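Chemist: Sending over a structure as structure tokens; questions will come in a sec.
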Amino acid sequence: MPADLPAPPGEARPAAGRALDVGVHATFLALVATSTTRYVVRHGADDRWQLVVVLAAVTVVAYGALLVASRRTSSRSVPARAATLVLLATWSVLALLAPSFAWCALPLFFVCRLAFRPPWSHVLVGEVAVVTSVALLRLSDGTDWAALVGPPCVAVLLTLVTDRVERDAAARVQLQEQIAQAQARLARSEREAGIVAERERLAREIHDTVTQGLASGVLLLEAADQTWDTAPDDARSAVRRAAVAVRASLADTRNLVHDLASARVDPDGFHASLLAAAQGQVPGASLTTWGDARALAPEVAHALLRVTQSAAANVAQHAAAERLDVTLTYLPGAVALDVYDDGVGFDPDAVAAPSSTGGYGLRAMRRRVARLGGTVTVESAPGEGTVVAAQVPTHDDAPTTDPLATDPEEGSR
């Protein structure tokens with residue numbers, strides 16, 4: 001489109017649009033100059049040639065004023081529309097006086113479409129078509145009737161095409177706005193989902209670390225209170241163990257504050273970390289490993305460590321068990337963890353809903369392992385003990401030896 005269409009703020013007009021601007025301007029000026037020259041050469045002795053030259057000059061000045069007004073404001077501003085009307089008026093008189101100026105009609109079609117919206121643009125385009133028809137008919141001395149019919153037909157065709165292009169452009173703009181709105185909604189929903197996922201992650205971390213440690217500390221302090229007078233040595237031992245549990249909870253809290261979400265495997269070995277997690281809740285817990293030990297991804301090791309810790313905490317709080325056995329089995333492409341206790345058992349289908357008193361343990365285990373593509377199953381019945389089994393896929397191309405995963409002393413019960 002001609003330069004009458006301003007580019008969006010802060011954006012340069014596309015090269016194709018600038019080329020079309022130059023083409024329209026150059027075409028109009030070339031047609032005016034050619035028609036003026038033709039008239040002067042052929043009708044130099046005519047007493048109207050001076051009027052034609054003056055009108056041609058006024059037409060060029062009006063066109064220039066239109067360009068200036070369009071660049072400074074917009075193609076549909078009041079100054080631009082006033083310049084357009086002056087341009088059309090002078091050109092119409094000029095075309096009727098000198099029919100060769102009718103060839104300037106095509107650039108003027110774009111000018112009318114840019115300066116005015118339908119239906120006024122249709123009216124002005126119709127006026128240009130009528131003037132062109134009359135001028136071309138006079139140019140043929142009234143013998144060429146096709147010249148009378150052709151310009152209106154061309155004007156109608158160009159109008160239909162331009163209307164369709166403008167409608168398609170408006171539809172594209174509307175579609176882009178809808179896409180932008182949909183993307184904004186999607187980004188908002190993703191942020192909300194991220195917030196929910198982060199809350200769930202923090203809930204699991206707090207349950208599997210701080211909550212379990214504090215619960216263990218509370219149980220030890222309560223036991224110390226009950227035996228303070230009758231067995232002071234046992235009471236002091238329980239207090240010391242409670243202090244250890246509280247310090248561990250404090251360390252876990254600091255890690256959460258600093259968002260240390262990555263796994264922190266104990267330097268003495270991953271197996272030793274599992275055994276420590278179990279014995280931190282049940283001192284007599286044991287660990288058995290099967291298969292060829294290999295390095296595990298940090299997130300897999302972290303998940304198994306938390307499952308062991310949470311399952312052992314449940315045993316300490318609810319099972320009244322005499323033994324707790326943890327079995328780690330390395331399988332092709334996976335690793336399995338089984339936590340068995342000989343306690344009172346329970347009905348897995350009747351797990352209480354989460355509340356301020358608990359109920360998060362098994363749900364947190366399942367969600368944590370499911371995020372890694374694994375599964376958690378619970379086998380239990382009242383009076384028959386409990387087995388919590390977790391299986392997580394692993395990367396089989398990991399190194400076969402790892403100082404954190406192999407320790408010849410850890411395979412014994």
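Letters for chains follow the order of the structure tokens (A, B, ...), residue numbers begin at 1 for each chain, and ligand numbers begin at 1 in the order shown.
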Might you pull out every residue within 12 Å of Thr34 in chain A, with only C-alpha atoms counted and same-chain residues fewer than 4 positions away left off, and present them as a PDB file with all heavy atoms, in the first residue's frame?

Modeler:
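Result written to selection-v1.pdb:
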ATOM      1  N   ALA A  26       5.557   6.985  -8.023  1.00  0.00           N
ATOM      2  CA  ALA A  26       6.239   7.190  -9.301  1.00  0.00           C
ATOM      3  C   ALA A  26       5.267   7.055 -10.469  1.00  0.00           C
ATOM      4  O   ALA A  26       5.333   7.819 -11.444  1.00  0.00           O
ATOM      5  CB  ALA A  26       7.382   6.185  -9.435  1.00  0.00           C
ATOM      6  N   THR A  27       4.349   6.081 -10.375  1.00  0.00           N
ATOM      7  CA  THR A  27       3.370   5.901 -11.451  1.00  0.00           C
ATOM      8  C   THR A  27       2.487   7.129 -11.602  1.00  0.00           C
ATOM      9  O   THR A  27       2.239   7.612 -12.725  1.00  0.00           O
ATOM     10  CB  THR A  27       2.511   4.664 -11.160  1.00  0.00           C
ATOM     11  OG1 THR A  27       3.346   3.512 -11.107  1.00  0.00           O
ATOM     12  CG2 THR A  27       1.458   4.478 -12.242  1.00  0.00           C
ATOM     13  N   PHE A  28       1.982   7.644 -10.485  1.00  0.00           N
ATOM     14  CA  PHE A  28       1.101   8.814 -10.553  1.00  0.00           C
ATOM     15  C   PHE A  28       1.831  10.020 -11.150  1.00  0.00           C
ATOM     16  O   PHE A  28       1.322  10.690 -12.064  1.00  0.00           O
ATOM     17  CB  PHE A  28       0.586   9.159  -9.164  1.00  0.00           C
ATOM     18  CG  PHE A  28      -0.359  10.323  -9.157  1.00  0.00           C
ATOM     19  CD1 PHE A  28      -1.683  10.164  -9.531  1.00  0.00           C
ATOM     20  CD2 PHE A  28       0.078  11.590  -8.794  1.00  0.00           C
ATOM     21  CE1 PHE A  28      -2.569  11.247  -9.534  1.00  0.00           C
ATOM     22  CE2 PHE A  28      -0.786  12.667  -8.793  1.00  0.00           C
ATOM     23  CZ  PHE A  28      -2.117  12.512  -9.162  1.00  0.00           C
ATOM     24  N   LEU A  29       3.034  10.308 -10.639  1.00  0.00           N
ATOM     25  CA  LEU A  29       3.768  11.462 -11.140  1.00  0.00           C
ATOM     26  C   LEU A  29       4.152  11.280 -12.604  1.00  0.00           C
ATOM     27  O   LEU A  29       4.115  12.256 -13.402  1.00  0.00           O
ATOM     28  CB  LEU A  29       5.015  11.683 -10.289  1.00  0.00           C
ATOM     29  CG  LEU A  29       4.749  12.059  -8.825  1.00  0.00           C
ATOM     30  CD1 LEU A  29       6.058  12.181  -8.060  1.00  0.00           C
ATOM     31  CD2 LEU A  29       3.953  13.355  -8.729  1.00  0.00           C
ATOM     32  N   ALA A  30       4.527  10.056 -12.992  1.00  0.00           N
ATOM     33  CA  ALA A  30       4.884   9.817 -14.397  1.00  0.00           C
ATOM     34  C   ALA A  30       3.675  10.007 -15.311  1.00  0.00           C
ATOM     35  O   ALA A  30       3.791  10.597 -16.407  1.00  0.00           O
ATOM     36  CB  ALA A  30       5.452   8.402 -14.538  1.00  0.00           C
ATOM     37  N   ARG A  38       1.971  15.527 -23.266  1.00  0.00           N
ATOM     38  CA  ARG A  38       1.191  15.177 -24.455  1.00  0.00           C
ATOM     39  C   ARG A  38       0.221  16.299 -24.823  1.00  0.00           C
ATOM     40  O   ARG A  38       0.074  16.663 -26.004  1.00  0.00           O
ATOM     41  CB  ARG A  38       0.429  13.874 -24.196  1.00  0.00           C
ATOM     42  CG  ARG A  38      -0.471  13.437 -25.348  1.00  0.00           C
ATOM     43  CD  ARG A  38      -1.220  12.176 -24.990  1.00  0.00           C
ATOM     44  NE  ARG A  38      -2.062  11.720 -26.099  1.00  0.00           N
ATOM     45  CZ  ARG A  38      -3.271  12.195 -26.369  1.00  0.00           C
ATOM     46  NH1 ARG A  38      -3.799  13.157 -25.600  1.00  0.00           N
ATOM     47  NH2 ARG A  38      -3.966  11.733 -27.407  1.00  0.00           N
ATOM     48  N   TYR A  39      -0.444  16.845 -23.803  1.00  0.00           N
ATOM     49  CA  TYR A  39      -1.426  17.887 -24.094  1.00  0.00           C
ATOM     50  C   TYR A  39      -0.754  19.136 -24.656  1.00  0.00           C
ATOM     51  O   TYR A  39      -1.228  19.742 -25.627  1.00  0.00           O
ATOM     52  CB  TYR A  39      -2.211  18.248 -22.843  1.00  0.00           C
ATOM     53  CG  TYR A  39      -3.350  19.203 -23.118  1.00  0.00           C
ATOM     54  CD1 TYR A  39      -4.597  18.718 -23.480  1.00  0.00           C
ATOM     55  CD2 TYR A  39      -3.151  20.578 -23.039  1.00  0.00           C
ATOM     56  CE1 TYR A  39      -5.650  19.603 -23.752  1.00  0.00           C
ATOM     57  CE2 TYR A  39      -4.186  21.453 -23.305  1.00  0.00           C
ATOM     58  CZ  TYR A  39      -5.438  20.964 -23.664  1.00  0.00           C
ATOM     59  OH  TYR A  39      -6.467  21.838 -23.951  1.00  0.00           O
ATOM     60  N   VAL A  40       0.366  19.546 -24.046  1.00  0.00           N
ATOM     61  CA  VAL A  40       1.060  20.752 -24.517  1.00  0.00           C
ATOM     62  C   VAL A  40       1.590  20.558 -25.932  1.00  0.00           C
ATOM     63  O   VAL A  40       1.497  21.463 -26.785  1.00  0.00           O
ATOM     64  CB  VAL A  40       2.203  21.100 -23.548  1.00  0.00           C
ATOM     65  CG1 VAL A  40       3.073  22.235 -24.113  1.00  0.00           C
ATOM     66  CG2 VAL A  40       1.646  21.505 -22.196  1.00  0.00           C
ATOM     67  N   VAL A  41       2.134  19.362 -26.220  1.00  0.00           N
ATOM     68  CA  VAL A  41       2.676  19.112 -27.561  1.00  0.00           C
ATOM     69  C   VAL A  41       1.571  19.107 -28.608  1.00  0.00           C
ATOM     70  O   VAL A  41       1.708  19.681 -29.693  1.00  0.00           O
ATOM     71  CB  VAL A  41       3.462  17.794 -27.567  1.00  0.00           C
ATOM     72  CG1 VAL A  41       3.833  17.381 -28.991  1.00  0.00           C
ATOM     73  CG2 VAL A  41       4.710  17.917 -26.710  1.00  0.00           C
ATOM     74  N   VAL A  53      -2.017  23.120 -17.541  1.00  0.00           N
ATOM     75  CA  VAL A  53      -0.749  23.054 -16.826  1.00  0.00           C
ATOM     76  C   VAL A  53      -0.923  23.471 -15.367  1.00  0.00           C
ATOM     77  O   VAL A  53      -0.363  22.853 -14.447  1.00  0.00           O
ATOM     78  CB  VAL A  53       0.295  23.939 -17.534  1.00  0.00           C
ATOM     79  CG1 VAL A  53       1.572  24.039 -16.698  1.00  0.00           C
ATOM     80  CG2 VAL A  53       0.626  23.383 -18.913  1.00  0.00           C
ATOM     81  N   ALA A  56      -2.674  20.709 -13.541  1.00  0.00           N
ATOM     82  CA  ALA A  56      -1.737  19.600 -13.330  1.00  0.00           C
ATOM     83  C   ALA A  56      -0.799  19.916 -12.173  1.00  0.00           C
ATOM     84  O   ALA A  56      -0.498  19.035 -11.334  1.00  0.00           O
ATOM     85  CB  ALA A  56      -0.947  19.329 -14.601  1.00  0.00           C
ATOM     86  N   ALA A  98      -8.659  17.410 -20.342  1.00  0.00           N
ATOM     87  CA  ALA A  98      -7.633  16.693 -21.107  1.00  0.00           C
ATOM     88  C   ALA A  98      -7.783  15.212 -20.822  1.00  0.00           C
ATOM     89  O   ALA A  98      -7.276  14.696 -19.811  1.00  0.00           O
ATOM     90  CB  ALA A  98      -6.241  17.180 -20.728  1.00  0.00           C
ATOM     91  N   SER A 100      -6.472  12.498 -21.602  1.00  0.00           N
ATOM     92  CA  SER A 100      -5.322  11.611 -21.373  1.00  0.00           C
ATOM     93  C   SER A 100      -4.985  11.490 -19.891  1.00  0.00           C
ATOM     94  O   SER A 100      -4.335  10.520 -19.467  1.00  0.00           O
ATOM     95  CB  SER A 100      -4.110  12.128 -22.152  1.00  0.00           C
ATOM     96  OG  SER A 100      -3.780  13.449 -21.741  1.00  0.00           O
ATOM     97  N   PHE A 101      -5.428  12.449 -19.074  1.00  0.00           N
ATOM     98  CA  PHE A 101      -5.185  12.361 -17.634  1.00  0.00           C
ATOM     99  C   PHE A 101      -6.032  11.261 -16.965  1.00  0.00           C
ATOM    100  O   PHE A 101      -5.865  10.993 -15.771  1.00  0.00           O
ATOM    101  CB  PHE A 101      -5.471  13.709 -16.959  1.00  0.00           C
ATOM    102  CG  PHE A 101      -4.394  14.729 -17.166  1.00  0.00           C
ATOM    103  CD1 PHE A 101      -4.454  15.604 -18.239  1.00  0.00           C
ATOM    104  CD2 PHE A 101      -3.312  14.812 -16.313  1.00  0.00           C
ATOM    105  CE1 PHE A 101      -3.461  16.549 -18.446  1.00  0.00           C
ATOM    106  CE2 PHE A 101      -2.325  15.757 -16.510  1.00  0.00           C
ATOM    107  CZ  PHE A 101      -2.391  16.626 -17.585  1.00  0.00           C
ATOM    108  N   ALA A 102      -6.930  10.645 -17.722  1.00  0.00           N
ATOM    109  CA  ALA A 102      -7.740   9.559 -17.160  1.00  0.00           C
ATOM    110  C   ALA A 102      -6.887   8.376 -16.738  1.00  0.00           C
ATOM    111  O   ALA A 102      -7.284   7.580 -15.871  1.00  0.00           O
ATOM    112  CB  ALA A 102      -8.785   9.108 -18.180  1.00  0.00           C
ATOM    113  N   TRP A 103      -5.679   8.258 -17.325  1.00  0.00           N
ATOM    114  CA  TRP A 103      -4.822   7.130 -16.958  1.00  0.00           C
ATOM    115  C   TRP A 103      -4.313   7.237 -15.518  1.00  0.00           C
ATOM    116  O   TRP A 103      -3.785   6.271 -14.971  1.00  0.00           O
ATOM    117  CB  TRP A 103      -3.636   7.052 -17.915  1.00  0.00           C
ATOM    118  CG  TRP A 103      -4.061   6.746 -19.316  1.00  0.00           C
ATOM    119  CD1 TRP A 103      -4.048   7.582 -20.384  1.00  0.00           C
ATOM    120  CD2 TRP A 103      -4.567   5.497 -19.793  1.00  0.00           C
ATOM    121  NE1 TRP A 103      -4.520   6.962 -21.516  1.00  0.00           N
ATOM    122  CE2 TRP A 103      -4.843   5.649 -21.169  1.00  0.00           C
ATOM    123  CE3 TRP A 103      -4.825   4.254 -19.210  1.00  0.00           C
ATOM    124  CZ2 TRP A 103      -5.361   4.634 -21.974  1.00  0.00           C
ATOM    125  CZ3 TRP A 103      -5.329   3.238 -20.003  1.00  0.00           C
ATOM    126  CH2 TRP A 103      -5.595   3.424 -21.361  1.00  0.00           C
ATOM    127  N   CYS A 104      -4.472   8.382 -14.897  1.00  0.00           N
ATOM    128  CA  CYS A 104      -4.060   8.534 -13.494  1.00  0.00           C
ATOM    129  C   CYS A 104      -5.061   7.908 -12.524  1.00  0.00           C
ATOM    130  O   CYS A 104      -4.852   7.960 -11.301  1.00  0.00           O
ATOM    131  CB  CYS A 104      -3.898  10.020 -13.153  1.00  0.00           C
ATOM    132  SG  CYS A 104      -2.672  10.895 -14.134  1.00  0.00           S
TER     133      CYS A 104
END

Chemist: I'd like to know which residues of range 224-327 of chain A are strand (DSSP E) (by DSSP, run on the backbone); could you write them as a PyMOL selection string?

Modeler: chain A and resi 286-290+324-327
